[in-house]
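Okay, so here's the structure we're looking at.
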Amino acid sequence: MILITGATGQYGNIVVNLLLRKGINKYQISGLGRDAEKASKLKDNGIRIVTGDYDNYASLVHAFNGIDKLLFVPGRDLDKRILQNGNVVKAAEEAGVNHFVYASLESKNETNSSPLWMIAEAHLRTEQLLRESGLTYTILKNNLYMDFIPDFIGKDVLQTGTIYLPAGAGKISTALRSDMAGAAAEVLTSTGHENKVYNITNIEAYSYLDIANYLSEISGKTINYISPAPEEFAETWKRAGVASRVIEITVGFAQAQAQGDLDRISQDLYRLLKRTPVSLKDYLRQFYLHQARQ
Ligand SMILES: NC(=O)c1ccc[n+]([C@@H]2O[C@H](COP(=O)([O-])OP(=O)(O)OC[C@H]3O[C@@H](n4cnc5c(N)ncnc54)[C@H](OP(=O)(O)O)[C@@H]3O)[C@@H](O)[C@H]2O)c1
């Protein structure tokens with residue numbers, strides 16, 4: 001039995017659907033959700049639904065009973081993540097899970113000097129816990145979901161004409177969430193991934209200047225890139241009413257990119273997908289094409 005946590009979320013739900021598409025019997029797939037009503041929607045797939053909350057250790061041990069492979073997709077509550085992830089790893093050990101697959105974060109700087117430390121710390125502690133546990137594990141270190149790029153540069157960037165982010169000339173090897181979910185589905189359905197760490201990145205990296213130039217090319221409009229100081233950027237977004245956590249995370253990714261932490265090129269995603277991951281250019285063309293034609 002394979003169990004996917006976060007099955008009500010975007011990444012987890014894609015993994016469930018990919019497992020079904022790979023021919024895994026629906027009775028061999030479980031989806032964990034914390035909200036029984038929300039999770040019940042997954043029943044349309046015919047998979048088994050279990051409820052459990054990362055805050056509730058006993059619920060996790062109960063949910064993980066009889067599970068062979070488990071994909072742990074952490075929650076988004078950064079303040080609770082260290083405790084929650086500890087609960088999940090310990091519960092998997094207690095329940096006797098055979099293989100624990102963890103959706104982590106990819107960034108070259110794994111010290112507390114990382115601009116992404118508020119996100120990275122819990123991931124790194126969880127990776128450490130896994131290494132110290134008796135569990136067989138696979139760690140999928142995910143670079144930024146490409147799906148967030150339009151949020152960072154502006155869904156209306158063809159109208160504003162400016163990408164405004166404190167990322168300097170740094171590049172990012174971002175990949176689509178669905179491609180990253182594809183890597184997880186492959187690990188869950190094939191062998192040879194025991195105690196391996198994969199860097200889930202794209203096979204090319206782009207700066208925001210590259211993105212501005214590409215958007216100019218496909219739209220016929222001039223798109224500029226301005227890289228302000230992080231403080232100036234934060235102040236500008238704050239005045240625009242953006243939530244402080246969103247600003248903090250956006251600055252974190254931009255600064256990590258500026259420092260060269262997010263431009264690693266690994267072939268791991270390519271190998272797991274057995275195809276080229278969707279490129280940023282293809283994604284941007286598809287996302288902005290409709291607007292560019294107007
Ligand atoms: N690499 C990246 O760029 C990137 C970006 C954003 C996030 N992430 C990470 O990747 C994860 C998956 O991304 P996503 O886009 O699929 O996020 P998402 O749609 O928000 O999914 C998160 C899932 O975690 C579940 N969850 C949250 N807290 C829980 C708890 N206490 N107990 C049990 N389940 C809980 C959610 O359940 P509910 O449906 O009940 O809320 C949901 O199913 C995120 O949670 C985050 O850790 C990575």
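Labels for the structure tokens follow display order: chains A, B, ..., residues from 1 in each chain, ligands from 1.
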
Residues at most 12 Å from A:Gly23, counting only C-alpha atoms, excluding those fewer than 6 positions away in the same chain, as a PyMOL selection string?
-> chain A and resi 16-17+29+185-186+189

May I ask you to write as a VMD selection string all residues lying at most 9 Å from ligand 1, with only C-alpha atoms and all ligand atoms counted?
-> chain A and resid 5 to 14 32 to 36 38 to 39 51 to 56 60 72 to 78 80 to 81 84 103 to 106 119 123 141 to 148 174 to 177 180

Could you turn the residues from that selection into a file that holds N, CA and C atoms, as a compact mmCIF listing (two decimals), in the first residue's frame?
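Final output, out_36.txt:
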# COMPACT_ATOMS: atom_id res chain seq x y z
N THR A 5 0.61 11.68 1.66
CA THR A 5 0.07 12.72 2.55
C THR A 5 -0.13 13.98 1.71
N GLY A 6 -0.87 14.94 2.26
CA GLY A 6 -1.13 16.16 1.49
C GLY A 6 -1.88 15.86 0.20
N ALA A 7 -2.66 14.77 0.23
CA ALA A 7 -3.34 14.33 -1.00
C ALA A 7 -4.44 15.31 -1.41
N THR A 8 -4.89 16.15 -0.46
CA THR A 8 -5.89 17.16 -0.81
C THR A 8 -5.23 18.41 -1.40
N GLY A 9 -3.92 18.47 -1.34
CA GLY A 9 -3.19 19.62 -1.88
C GLY A 9 -2.80 19.38 -3.33
N GLN A 10 -2.13 20.36 -3.90
CA GLN A 10 -1.87 20.31 -5.35
C GLN A 10 -0.84 19.24 -5.73
N TYR A 11 0.32 19.26 -5.10
CA TYR A 11 1.39 18.31 -5.44
C TYR A 11 0.94 16.88 -5.14
N GLY A 12 0.40 16.66 -3.93
CA GLY A 12 -0.01 15.32 -3.53
C GLY A 12 -1.10 14.77 -4.44
N ASN A 13 -2.03 15.62 -4.81
CA ASN A 13 -3.12 15.19 -5.68
C ASN A 13 -2.62 14.79 -7.06
N ILE A 14 -1.64 15.53 -7.57
CA ILE A 14 -1.06 15.15 -8.88
C ILE A 14 -0.38 13.79 -8.76
N LEU A 32 -3.91 10.69 2.46
CA LEU A 32 -4.13 11.21 3.81
C LEU A 32 -4.57 12.66 3.74
N GLY A 33 -5.62 12.98 4.45
CA GLY A 33 -6.08 14.37 4.56
C GLY A 33 -6.40 14.65 6.01
N ARG A 34 -6.30 15.92 6.42
CA ARG A 34 -6.62 16.24 7.83
C ARG A 34 -8.09 16.57 7.99
N ASP A 35 -8.72 16.97 6.88
CA ASP A 35 -10.11 17.38 6.93
C ASP A 35 -10.93 16.31 6.21
N ALA A 36 -11.72 15.57 7.00
CA ALA A 36 -12.43 14.40 6.44
C ALA A 36 -13.31 14.80 5.26
N LYS A 38 -13.01 17.44 3.17
CA LYS A 38 -12.19 17.77 2.00
C LYS A 38 -11.58 16.50 1.39
N ALA A 39 -11.13 15.61 2.28
CA ALA A 39 -10.50 14.38 1.80
C ALA A 39 -11.49 13.48 1.09
N THR A 51 -7.76 9.72 7.51
CA THR A 51 -7.59 11.06 8.07
C THR A 51 -6.45 11.04 9.08
N GLY A 52 -5.74 12.13 9.11
CA GLY A 52 -4.63 12.27 10.05
C GLY A 52 -4.13 13.70 9.97
N ASP A 53 -3.61 14.16 11.10
CA ASP A 53 -3.14 15.54 11.17
C ASP A 53 -1.68 15.53 11.63
N TYR A 54 -0.84 16.30 10.96
CA TYR A 54 0.57 16.33 11.33
C TYR A 54 0.77 16.80 12.78
N ASP A 55 -0.24 17.48 13.33
CA ASP A 55 -0.15 17.94 14.73
C ASP A 55 -0.56 16.84 15.71
N ASN A 56 -1.14 15.77 15.19
CA ASN A 56 -1.72 14.74 16.06
C ASN A 56 -0.99 13.41 15.83
N LEU A 60 -1.51 9.90 13.20
CA LEU A 60 -0.56 9.53 12.14
C LEU A 60 -0.16 8.06 12.26
N PHE A 72 5.68 11.79 2.03
CA PHE A 72 5.33 12.86 2.98
C PHE A 72 5.50 14.22 2.29
N VAL A 73 4.36 14.90 2.13
CA VAL A 73 4.32 16.26 1.58
C VAL A 73 4.07 17.18 2.78
N PRO A 74 5.06 17.95 3.20
CA PRO A 74 4.85 18.76 4.41
C PRO A 74 3.80 19.84 4.21
N GLY A 75 3.28 20.36 5.33
CA GLY A 75 2.28 21.43 5.26
C GLY A 75 2.95 22.78 5.02
N ARG A 76 2.13 23.81 4.98
CA ARG A 76 2.66 25.14 4.65
C ARG A 76 2.86 26.03 5.87
N ASP A 77 2.52 25.50 7.05
CA ASP A 77 2.62 26.34 8.25
C ASP A 77 4.08 26.33 8.74
N LEU A 78 4.83 27.36 8.33
CA LEU A 78 6.27 27.37 8.60
C LEU A 78 6.58 27.34 10.10
N LYS A 80 5.06 25.75 12.39
CA LYS A 80 4.80 24.45 13.04
C LYS A 80 5.58 23.31 12.40
N ARG A 81 6.30 23.59 11.32
CA ARG A 81 6.82 22.51 10.49
C ARG A 81 7.80 21.58 11.19
N GLN A 84 5.76 19.27 13.36
CA GLN A 84 4.90 18.41 12.53
C GLN A 84 5.72 17.35 11.80
N ALA A 103 9.32 15.10 0.40
CA ALA A 103 9.38 16.25 -0.51
C ALA A 103 10.05 17.41 0.22
N SER A 104 11.34 17.63 -0.06
CA SER A 104 12.14 18.63 0.64
C SER A 104 12.40 19.84 -0.26
N LEU A 105 13.41 20.61 0.09
CA LEU A 105 13.73 21.86 -0.64
C LEU A 105 15.15 21.79 -1.18
N GLU A 106 15.34 22.25 -2.41
CA GLU A 106 16.67 22.29 -3.03
C GLU A 106 17.21 23.71 -3.01
N ILE A 119 12.46 28.62 5.57
CA ILE A 119 11.83 27.45 4.96
C ILE A 119 12.77 26.24 5.07
N HIS A 123 13.15 21.64 6.69
CA HIS A 123 13.44 20.58 5.71
C HIS A 123 14.76 19.87 6.08
N LYS A 141 14.68 16.72 -3.27
CA LYS A 141 14.93 18.13 -2.95
C LYS A 141 14.41 18.97 -4.12
N ASN A 142 13.26 19.59 -3.89
CA ASN A 142 12.56 20.33 -4.95
C ASN A 142 13.03 21.78 -5.01
N ASN A 143 13.48 22.20 -6.19
CA ASN A 143 13.74 23.63 -6.44
C ASN A 143 12.38 24.35 -6.44
N LEU A 144 12.37 25.62 -6.70
CA LEU A 144 11.11 26.39 -6.73
C LEU A 144 10.14 25.83 -7.77
N TYR A 145 8.85 25.73 -7.39
CA TYR A 145 7.84 25.38 -8.38
C TYR A 145 7.77 26.51 -9.42
N MET A 146 7.91 26.16 -10.67
CA MET A 146 7.81 27.13 -11.76
C MET A 146 6.46 27.86 -11.74
N ASP A 147 5.46 27.14 -11.23
CA ASP A 147 4.10 27.69 -11.17
C ASP A 147 4.05 29.02 -10.41
N PHE A 148 5.09 29.29 -9.58
CA PHE A 148 5.10 30.54 -8.81
C PHE A 148 5.70 31.72 -9.59
N THR A 174 14.23 26.30 -12.03
CA THR A 174 12.88 25.98 -11.59
C THR A 174 12.21 24.95 -12.51
N ALA A 175 11.32 24.14 -11.94
CA ALA A 175 10.58 23.14 -12.74
C ALA A 175 9.12 23.14 -12.29
N LEU A 176 8.27 22.64 -13.16
CA LEU A 176 6.84 22.62 -12.85
C LEU A 176 6.53 21.70 -11.67
N ARG A 177 5.57 22.11 -10.86
CA ARG A 177 5.11 21.26 -9.75
C ARG A 177 4.71 19.89 -10.26
N MET A 180 7.67 17.79 -10.92
CA MET A 180 8.26 17.33 -9.66
C MET A 180 7.41 16.20 -9.06

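When only C-alpha atoms are used to compute distances to A:Pro228, the closest of the residues A:Leu215, A:Val61, A:Leu188, A:Leu165 turns out to be A:Leu165.
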
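Taking atom CA of A:Ala184 and atom CA of A:Asn199 as the two end points, the separation is 11.8 Å.
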
DSSP on the backbone, then: every residue of stretch 67-281 of chain A marked helix (DSSP H, G or I), written as a PyMOL selection string.
-> chain A and resi 81-95+117-132+146-153+157-160+177-189+208-219+230-239+244-258+268-273+280-281

Selected residues written out, C-alpha atoms, as a short mmCIF file (atom, residue, chain, number, x, y, z; two decimals), in the first residue's frame:
data_model
loop_
_atom_site.label_atom_id
_atom_site.label_comp_id
_atom_site.auth_asym_id
_atom_site.auth_seq_id
_atom_site.Cartn_x
_atom_site.Cartn_y
_atom_site.Cartn_z
CA ARG A 81 6.82 22.51 10.49
CA ILE A 82 9.68 21.27 12.66
CA LEU A 83 7.28 19.73 15.18
CA GLN A 84 4.90 18.41 12.53
CA ASN A 85 7.64 16.83 10.43
CA GLY A 86 9.11 15.22 13.55
CA ASN A 87 5.70 13.73 14.33
CA VAL A 88 5.39 12.31 10.83
CA VAL A 89 8.86 10.71 10.77
CA LYS A 90 8.46 9.19 14.24
CA ALA A 91 4.96 7.92 13.46
CA ALA A 92 6.23 6.26 10.27
CA GLU A 93 8.94 4.52 12.29
CA GLU A 94 6.46 3.37 14.91
CA ALA A 95 4.01 2.12 12.29
CA TRP A 117 16.46 29.61 6.16
CA MET A 118 12.88 30.20 7.39
CA ILE A 119 11.83 27.45 4.96
CA ALA A 120 15.03 25.39 4.73
CA GLU A 121 15.61 24.80 8.45
CA ALA A 122 12.66 22.44 8.94
CA HIS A 123 13.44 20.58 5.71
CA LEU A 124 17.09 20.07 6.70
CA ARG A 125 16.15 18.97 10.21
CA THR A 126 13.68 16.48 8.72
CA GLU A 127 16.34 15.13 6.34
CA GLN A 128 18.64 14.69 9.34
CA LEU A 129 15.91 12.93 11.33
CA LEU A 130 15.37 10.56 8.42
CA ARG A 131 19.07 9.75 8.15
CA GLU A 132 19.18 9.03 11.87
CA MET A 146 7.81 27.13 -11.76
CA ASP A 147 4.10 27.69 -11.17
CA PHE A 148 5.10 30.54 -8.81
CA ILE A 149 7.04 32.54 -11.43
CA PRO A 150 3.96 34.45 -12.68
CA ASP A 151 3.20 35.41 -9.05
CA PHE A 152 6.74 36.73 -8.65
CA ILE A 153 6.98 38.63 -11.95
CA VAL A 157 3.73 41.81 -16.51
CA LEU A 158 2.94 42.27 -20.20
CA GLN A 159 0.85 45.29 -19.16
CA THR A 160 3.22 46.72 -16.53
CA ARG A 177 5.11 21.26 -9.75
CA SER A 178 3.54 18.57 -11.92
CA ASP A 179 6.95 17.48 -13.23
CA MET A 180 8.26 17.33 -9.66
CA ALA A 181 5.20 15.26 -8.72
CA GLY A 182 6.09 13.00 -11.65
CA ALA A 183 9.48 12.35 -10.08
CA ALA A 184 7.78 11.38 -6.80
CA ALA A 185 5.40 9.02 -8.62
CA GLU A 186 8.36 7.34 -10.33
CA VAL A 187 10.23 6.86 -7.04
CA LEU A 188 7.11 5.32 -5.51
CA THR A 189 6.65 2.84 -8.34
CA TYR A 208 14.95 37.40 -14.59
CA LEU A 209 16.75 39.34 -17.32
CA ASP A 210 16.53 36.20 -19.49
CA ILE A 211 12.83 36.03 -18.66
CA ALA A 212 12.27 39.73 -19.46
CA ASN A 213 14.05 39.32 -22.80
CA TYR A 214 12.07 36.21 -23.63
CA LEU A 215 8.74 37.85 -22.74
CA SER A 216 9.71 40.85 -24.91
CA GLU A 217 10.44 38.46 -27.77
CA ILE A 218 7.14 36.55 -27.59
CA SER A 219 4.92 39.57 -26.86
CA PRO A 230 15.65 43.80 -0.88
CA GLU A 231 14.60 46.46 1.67
CA GLU A 232 13.25 48.71 -1.08
CA PHE A 233 11.42 45.77 -2.65
CA ALA A 234 9.87 44.78 0.70
CA GLU A 235 8.73 48.36 1.36
CA THR A 236 7.18 48.64 -2.12
CA TRP A 237 5.23 45.39 -1.75
CA LYS A 238 4.19 46.33 1.79
CA ARG A 239 2.77 49.64 0.54
CA SER A 244 4.36 40.13 5.27
CA ARG A 245 4.85 36.33 4.99
CA VAL A 246 4.45 36.52 1.21
CA ILE A 247 7.00 39.35 1.06
CA GLU A 248 9.40 37.42 3.28
CA ILE A 249 9.21 34.30 1.08
CA THR A 250 9.46 36.26 -2.17
CA VAL A 251 12.53 38.14 -0.92
CA GLY A 252 13.97 34.85 0.35
CA PHE A 253 13.72 33.15 -3.04
CA ALA A 254 14.93 36.24 -4.90
CA GLN A 255 17.93 36.72 -2.62
CA ALA A 256 18.81 33.01 -2.72
CA GLN A 257 18.68 33.28 -6.51
CA ALA A 258 20.84 36.43 -6.43
CA ASP A 268 17.83 13.72 -11.57
CA LEU A 269 14.42 15.05 -12.62
CA TYR A 270 15.18 14.32 -16.27
CA ARG A 271 16.18 10.75 -15.41
CA LEU A 272 13.17 10.11 -13.18
CA LEU A 273 10.72 11.51 -15.73
CA LEU A 280 10.56 27.80 -18.32
CA LYS A 281 10.29 29.25 -21.82
#
